[in-house]
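Accompanying notes for the structure given below.
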2 protein chains.
Amino acid sequence: MYEIYELPSFHLDGGAVLDPARLAYRTYGELNATRTNAVLFPTWFAGDHTSNEWLIGPGKALDPRKYFIIVPNLFGNGLSSSPSNTPPPHAAADFPTITIRDNVRAQHRLVTEHFGIERLALVLGCSMGALQTYQWAVSHPNMVERALPYCGSPRTSPHNAVFIESLRAALTLDAAFDGGRYQEPPLAGIRAFARIYAGWGFSQAFYWEEAWRRLGFGSREEFVIGFWEANFIGQDANNLLAMLRTWQDADVSGTPGHDGDIEAALGSIQAKLIALPAEKDLYFPPEDEVRAVRHIPNGEVRVIPGIWGHMSGGGANPADAAFIDAAVRELLAAPSPVAVPAT
Amino acid sequence: MYEIYELPSFHLDGGAVLDPARLAYRTYGELNATRTNAVLFPTWFAGDHTSNEWLIGPGKALDPRKYFIIVPNLFGNGLSSSPSNTPPPHAAADFPTITIRDNVRAQHRLVTEHFGIERLALVLGCSMGALQTYQWAVSHPNMVERALPYCGSPRTSPHNAVFIESLRAALTLDAAFDGGRYQEPPLAGIRAFARIYAGWGFSQAFYWEEAWRRLGFGSREEFVIGFWEANFIGQDANNLLAMLRTWQDADVSGTPGHDGDIEAALGSIQAKLIALPAEKDLYFPPEDEVRAVRHIPNGEVRVIPGIWGHMSGGGANPADAAFIDAAVRELLAAPSPVAVPAT
C-alpha cells in the first residue's frame, strides 16, 4: 500500500519534462502538531518502500509512535515514475535520465508542499538511499537536522562506476534486450547481471564462511539463484538501467552553487551526520566515507563491522541491523546544530 | 619464441586423453652441471611466457646468468594445448576440462623427463601461476625447495568462484558465442567480460586516484577499453572459458592422498614458502593467504602494500615489482628445509 504524489510538468535536470512525474511513497506514524517529527527515508537501487520497513517499528529507533516517517520510492523503481509505467513519449527505452537531485527535488515538494514540513529531524538511507541522503543535506542544509547515510557515499566513485558499467554491459548484451524495445524480458541478461552483483554485494569472507546458510540456502549456487537472480528477475530491464544511470551520475558537487567543488559541497552540510559504511563493502568501501566526512563540519564515520559487505545495510543480518538501529537512536537523541526557526 | 614439449597420450584428471598434449614453454639461462639452479615459473590466466619476463633479467633476482628459468604456458592459453589449437575430437567447444594438477603433471614431466631435473630451487607464479605453485609444493614436496606464490591461493575461494561465474555468464550470453561453435569471435561478450574484470583487477583506490594515468591513459573509459578490452579482445573465447574452468576448480586438497583435507595438504608442503598477496586484491584477498599459510610448516605471508590490487602482481607498478623481486631474492638466498639428496 502506498500513495502517489503527482508533480505536474516536473522538469528534470537533463532537460526532459515528466508531466506529471509520479512519486510513490508511504508514511508510517503521524505528523505532530509542530511538524517537527518528520523523518525522510529514501529507498535503494531496485528496492521500494517495503525494503526499508525492517528498520521501522514500535520499539525501534524509527518508532512510528514517535516519528512521522516518509519513505519515497526512487524514480525508476517501478512505483515512482519509471520506464515501465510512464506513457509515451517517455515510455520504456525512451525514459529520460533522472538524477539524484531530481529525486530530491520531487521529495522536497512532497515534504514541503504536500505535508507542509519545514524541517526534517532525520534523513537516512542505504546505498542509493545514502546518495539521496547526502544530496538532501547539501541541497537543503537548513532543513536537514540530522543525516545518516549508510553503505553509500556523497558521489559515486570511479570504481563504483566501473562496476555499474559492467552490470549495464551484461544486461544490454542479451539479444532479447533489443535496445530496450524487448517484448519479453531479457532474462539471460538479468541473470548475468545478478551473477555480477552476487560477487559485489557480499564480502569475500561472507562466501568463505558460507554465511548464506543463515539466509536459508543449502548451497552457493542455490543462494546465487534464490537470492540474487530472484531479486532481479522480476524487475523491468529498462527500470534497472534507469536506476543505474541515476546511481552512476550521483555527485553532490554538481549541486548548483558548488560548481563541482566536492569539498565545498560537503562543507556546506549543517546536519549532524553519522555515516555508516560497512567494513567489507566492496563498492562503497569505508575509505570513501572517511575521505568525504573529513569535510563535513558535524560529520562522523562509524564502520559497521563484519563480513556482510554492502548487504550489511540490507537488514538481513541481525547484528548489522542492531548496529544501524543503535546509531539512528543515538543520532535522533542528539541535539542538532541546525538552528530551529521561530515558529 | 618458445618450445613445444609433446606428451603423447596425456591422461587428464577428467578422464579425457590428449594425444598428444602440447606444453609450450620458454627457458631463460642455462641449466648448471649439477642441475640445481632450476626455477619454474608458470603463467597466469590469459597470459603466456612473455607475461613473466618483467621479473626475469640480469641484475634481477631471477637472473638468467645464475638460474635456469623455465616458464611453462598454462593449458588453454593458446600456445599450450587449448581449444583453439587442438584438433578434433577435442577442438574448440569440445576441449576437455583441464585441472591445475594436469598442468603440474605435464610440467613435472617436462622438468624431470626432458631436462632431467630432480629439484627446483624455486617455483613461483602469479594468480593462476600461484595456483600452480601451491600445487607443485603439495604434489612434489621433496622436489620444491622454495615456493613463492603471489596474488593467488592454494584453492579458489567460493567468492572468487562467484566472480569467475559472472565472467562466464557474460561471455556466453553473447548470441555470437553460439555454445562455443562461433565462426566469428563473440566480441560483445568478450567486451562485457573485460568490463567485469576491470572492476576486480584493480582496487577501488586505484580508480579513485586515477592511477591508470600512470599506464598512459587519459580517461577511465580509455583505460577500460585500452587496457582491459585490449587484453581480452584478441583471446579465443573457448580458451578463456577453458582457463576459467581450470581456475575455478583449483584446490590442492584434491591432491591424491589428501582426500579433500586442505590442512593436511598444506601441512605436507616442505618448501620454504613466502606468499605475497596484495593488500587490496579483491578476488585473492590477503585473508585467504593468512588462513592458508597458517598450516604450512615453513610458510610466511607478506602483503604487497598499495592500491594496485590484484594487478600488483602484473609488473606494471615499479614499487610492486621491486617488492616482489626483493622477496624472490631473499627467498633464493635462504636455505631450504627440503633435504638435498646425495648426487
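In the C-alpha cells, chains take the letters A, B, ... in the order shown, each chain's residues start at 1, and ligands count up from 1 in the order shown.
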Interface rows for chain B against chain A: nearest pair, Å to one decimal, 10 Å, only C-alpha atoms, as CSV:
residue,atom,partner,partner_atom,distance
B:Ser157,CA,A:Trp208,CA,6.6
B:Pro158,CA,A:Tyr207,CA,5.7
B:His159,CA,A:Gln204,CA,5.1
B:Asn160,CA,A:Gln204,CA,7.6
B:Ala161,CA,A:Gly199,CA,8.8
B:Val162,CA,A:Gly199,CA,5.6
B:Phe163,CA,A:Gly199,CA,5.5
B:Ile164,CA,A:Gly199,CA,9.1
B:Glu165,CA,A:Arg195,CA,7.1
B:Ser166,CA,A:Ile196,CA,5.0
B:Leu167,CA,A:Ile196,CA,7.8
B:Arg168,CA,A:Ala192,CA,8.8
B:Ala169,CA,A:Ala192,CA,5.3
B:Ala170,CA,A:Ala170,CA,5.7
B:Leu171,CA,A:Ala170,CA,8.8
B:Thr172,CA,A:Ala192,CA,9.6
B:Leu173,CA,A:Asp174,CA,6.3
B:Asp174,CA,A:Leu173,CA,6.3
B:Ala175,CA,A:Ala175,CA,6.6
B:Ala176,CA,A:Ala175,CA,9.7
B:Ala188,CA,A:Leu173,CA,7.0
B:Gly189,CA,A:Leu173,CA,7.1
B:Arg191,CA,A:Ala169,CA,8.1
B:Ala192,CA,A:Ala169,CA,5.3
B:Phe193,CA,A:Ser166,CA,8.1
B:Ala194,CA,A:Ser166,CA,8.4
B:Arg195,CA,A:Ser166,CA,5.0
B:Ile196,CA,A:Ser166,CA,4.9
B:Tyr197,CA,A:Ser166,CA,8.5
B:Ala198,CA,A:Val162,CA,6.9
B:Gly199,CA,A:Phe163,CA,5.4
B:Trp200,CA,A:Phe163,CA,8.5
B:Phe202,CA,A:His159,CA,8.8
B:Ser203,CA,A:His159,CA,7.7
B:Gln204,CA,A:His159,CA,5.1
B:Ala205,CA,A:His159,CA,7.8
B:Phe206,CA,A:His159,CA,8.1
B:Tyr207,CA,A:His159,CA,5.3
B:Trp208,CA,A:Pro158,CA,5.9
B:Glu209,CA,A:Pro158,CA,9.1
B:Glu210,CA,A:Pro158,CA,8.5
B:Arg220,CA,A:Pro158,CA,8.0
B:Glu221,CA,A:Val162,CA,8.9
B:Val224,CA,A:Val162,CA,8.5
B:Leu282,CA,A:Leu282,CA,8.0
B:Tyr283,CA,A:Gln204,CA,7.4
B:Phe284,CA,A:Gln204,CA,8.8
B:Pro285,CA,A:Gln204,CA,7.7
B:Glu287,CA,A:Ala205,CA,8.3
B:Asp288,CA,A:Ala205,CA,8.8
Name the residues in contact with stretch 230-241 of chain A at a cut-off of 8 Å, using only C-alpha atoms, excluding same-chain residues fewer than 6 positions from it; report them as a short mmCIF file (atom, residue, chain, number, x, y, z; two decimals) with C-alpha atoms, in the first residue's frame.
data_model
loop_
_atom_site.label_atom_id
_atom_site.label_comp_id
_atom_site.auth_asym_id
_atom_site.auth_seq_id
_atom_site.Cartn_x
_atom_site.Cartn_y
_atom_site.Cartn_z
CA ALA A 46 15.82 -1.85 -7.17
CA GLY A 76 12.83 4.15 -11.87
CA ASN A 77 11.86 1.56 -9.27
CA GLY A 78 8.56 0.72 -10.95
CA SER A 82 9.80 4.65 -14.32
CA PRO A 83 10.36 3.32 -17.81
CA SER A 84 7.83 0.59 -17.06
CA ALA A 92 10.40 2.23 -21.70
CA ALA A 93 13.60 2.81 -23.66
CA ARG A 168 24.93 -2.45 -17.89
CA LEU A 171 22.19 -6.68 -19.26
CA PHE A 177 17.03 -6.74 -24.77
CA GLY A 180 15.27 -1.62 -24.68
CA PRO A 185 12.06 -9.70 -20.56
CA PRO A 186 15.76 -10.29 -21.34
CA LEU A 187 16.05 -12.93 -18.66
CA ILE A 190 19.19 -10.12 -15.99
CA ARG A 191 20.64 -13.40 -14.75
CA ALA A 194 22.56 -10.85 -10.96
#
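The coordinates place atom CA of A:Thr97 at 23.0 Å from atom CA of A:Glu184.
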Point to revise | B:Cys151 surroundings by only C-alpha atoms, 10 Å radius, close-in-sequence under 4 positions cut, as a PyMOL selection string | key: chain B and resi 125-131+275-279+281+283-286+289+303-304+309-314
Point to revise | Polymer residues at most 8 Å from A:Phe68, only C-alpha atoms, same-chain spacing of 2 or more positions, as a PyMOL selection string | key: chain A and resi 27-32+37-39+64+66+70
Exercise for review: Based on DSSP run over this structure's backbone, return all residues of stretch 112-263 of chain A in alpha helix (DSSP H), as JSON, numbers by chain.
Suggested key: {"A": [128, 129, 130, 131, 132, 133, 134, 135, 136, 137, 138, 139, 158, 159, 160, 161, 162, 163, 164, 165, 166, 167, 168, 169, 170, 171, 172, 173, 187, 188, 189, 190, 191, 192, 193, 194, 195, 196, 197, 198, 199, 200, 201, 204, 205, 206, 207, 208, 220, 221, 222, 223, 230, 231, 232, 233, 237, 238, 239, 240, 241, 242, 243, 244, 245, 246, 247, 248, 262, 263]}
Exercise for review: Please provide as a PyMOL selection string all residues within 6 Å of stretch 142-148 of chain A, with the sequence filter that same-chain residues fewer than 6 positions apart are discarded (counting only C-alpha atoms).
Suggested key: chain A and resi 119-124+271-275+336+338
Exercise for review: Please identify which residues in stretch 46-258 of chain B DSSP calls strand (DSSP E) from the backbone, and express them as a ChimeraX atom specification.
Suggested key: /B:68-72,122-126,146-150
